[in-house]
Every structure is written in structure tokens, then in C-alpha cells.
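Step one of this worksheet: look at the structure below.
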Amino acid sequence: MAGGNLRKVVIAGDAERSLLIHFIEGRRGEAHRMPIGDRTLSAADIDAVRRWIDEGARDDGLSPPDYTRSV
């Protein structure tokens with residue numbers, strides 16, 4: 001989220017200015033399209049990422065639950 005030498009990768013609430021969207025849509029050129037070396041994301045996947053960013057890009061803290069086994 002913090003980014004690198006370019007700037008923040010995700011600007012919560014603003015997908016249009018977020019570098020993550022630029023890279024997954026290929027706006028920075030095909031050589032920089034993410035994921036590098038793999039298939040491009042579907043339009044539905046890109047829309048989901050865009051929506052997540054526009055809605056605030058919250059970390060919902062979804063960690064796997066701790067399970068215990070009772071016998």
C-alpha cells in the first residue's frame with residue numbers, strides 16, 4: 001500500500017489516481033502490466049479492485065479462524 005519510488009500504490013477512495021489500477025489496466029504500457037508474466041485480469045476482477053479502492057481500500061482483517069478440535 002505504501003508504494004515505492006513512484007508513490008503510493010493505492011489511494012483509498014480514488015481508484016482513478018491509484019497506481020495499482022494503472023498497472024493492472026496496462027496504462028503504463030504492456031511491459032509494465034500486472035501481473036507480469038501471467039494472464040491479464042478479467043474486466044470483472046479489475047472492476048472489483050477498482051470498487052474496493054473507491055470504497056476506501058480497507059483491510060478487513062480477514063485472518064483464518066483458529067479452529068480447535070473437540071473429541
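By convention in this document, the chains of the C-alpha cells carry letters A, B, ... by their order, each chain's residues are numbered from 1, and ligands are numbered from 1 in the order they are shown.
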Tell me, as a list in words, which residues lie within 12 Å of Ala48 of chain A, counting only C-alpha atoms; anything in the same chain fewer than 5 positions away does not count.
->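 Once the adjacent positions are removed, what remains is Ala15, Ile21, Ile24, Leu41, Ser42, Ala43, Ile53, Asp54, Glu55 and Ala57 of chain A.
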Could those selected residues go to a file with N, CA, C and O atoms, as a tab-separated table (two decimals), in the first residue's frame?
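Result file follows (result_37.tsv):
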```
chain	number	residue	atom	x	y	z
A	15	ALA	N	-9.72	5.32	-7.02
A	15	ALA	CA	-9.14	4.30	-7.90
A	15	ALA	C	-8.49	4.92	-9.12
A	15	ALA	O	-7.46	4.45	-9.60
A	21	ILE	N	-4.37	0.42	-10.18
A	21	ILE	CA	-5.29	0.38	-11.31
A	21	ILE	C	-4.55	0.66	-12.61
A	21	ILE	O	-4.76	0.00	-13.62
A	24	ILE	N	-2.69	-2.64	-13.48
A	24	ILE	CA	-3.49	-3.80	-13.88
A	24	ILE	C	-4.30	-3.53	-15.15
A	24	ILE	O	-4.66	-4.46	-15.85
A	41	LEU	N	-5.81	-9.59	-15.82
A	41	LEU	CA	-7.02	-9.79	-15.03
A	41	LEU	C	-8.24	-9.56	-15.90
A	41	LEU	O	-8.22	-8.76	-16.84
A	42	SER	N	-9.31	-10.22	-15.57
A	42	SER	CA	-10.56	-10.02	-16.31
A	42	SER	C	-11.13	-8.65	-15.97
A	42	SER	O	-10.78	-8.04	-14.94
A	43	ALA	N	-12.03	-8.17	-16.81
A	43	ALA	CA	-12.68	-6.89	-16.55
A	43	ALA	C	-13.41	-6.92	-15.21
A	43	ALA	O	-13.40	-5.94	-14.45
A	53	ILE	N	-11.00	-0.08	-3.95
A	53	ILE	CA	-10.26	1.17	-3.72
A	53	ILE	C	-11.23	2.32	-3.52
A	53	ILE	O	-11.08	3.11	-2.57
A	54	ASP	N	-12.23	2.45	-4.40
A	54	ASP	CA	-13.19	3.55	-4.28
A	54	ASP	C	-13.96	3.51	-2.97
A	54	ASP	O	-14.36	4.56	-2.45
A	55	GLU	N	-14.15	2.33	-2.41
A	55	GLU	CA	-14.86	2.19	-1.13
A	55	GLU	C	-13.95	2.36	0.08
A	55	GLU	O	-14.38	2.14	1.21
A	57	ALA	N	-10.56	1.04	0.36
A	57	ALA	CA	-9.43	0.09	0.39
A	57	ALA	C	-9.11	-0.38	1.81
A	57	ALA	O	-7.97	-0.43	2.23
```
The residue from A:Thr68, A:Trp52, A:Gly13, A:Thr40 with the smallest atom-to-atom distance to Gly26 of chain A, counting only C-alpha atoms, is A:Thr40
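Atom pair atom CA of Ala12 of chain A / atom CA of Arg28 of chain A: separated by 20.1 Å.
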Give me the residues within 12 Å of Arg7 of chain A as JSON, numbers by chain, counting only C-alpha atoms and dropping any in the same chain fewer than 6 places off.
-> {"A": [1, 17, 18, 19, 20]}
Do you have the atom CA of His32 of chain A-atom CA of Asp60 of chain A distance handy?
->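 For atom CA of His32 of chain A relative to atom CA of Asp60 of chain A, the distance reads 28.5 Å.
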DSSP says alpha helix (DSSP H) for which residues of chain A? Put them as a list of chain:residue names?
-> A:Leu19, A:Leu20, A:Ile21, A:His22, A:Phe23, A:Ile24, A:Glu25, A:Ala43, A:Ala44, A:Asp45, A:Ile46, A:Asp47, A:Ala48, A:Val49, A:Arg50, A:Arg51, A:Trp52, A:Ile53, A:Asp54
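Straight-line separation from atom CA of Val49 of chain A to atom CA of Phe23 of chain A: 11.8 Å.
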Quick one: of A:Ala44, A:Gly4, A:Val9, A:Ser63, who's nearest to His22 of chain A, counting only C-alpha atoms?
->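 Once distances to His22 of chain A are computed over only C-alpha atoms, the minimum belongs to A:Val9.
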Of the listed residues A:Glu25, A:Arg39, A:Ile46, A:Val10, that which approaches Arg58 of chain A most closely, counting only C-alpha atoms |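 Using only C-alpha atoms, Arg58 of chain A sits closest to A:Val10.
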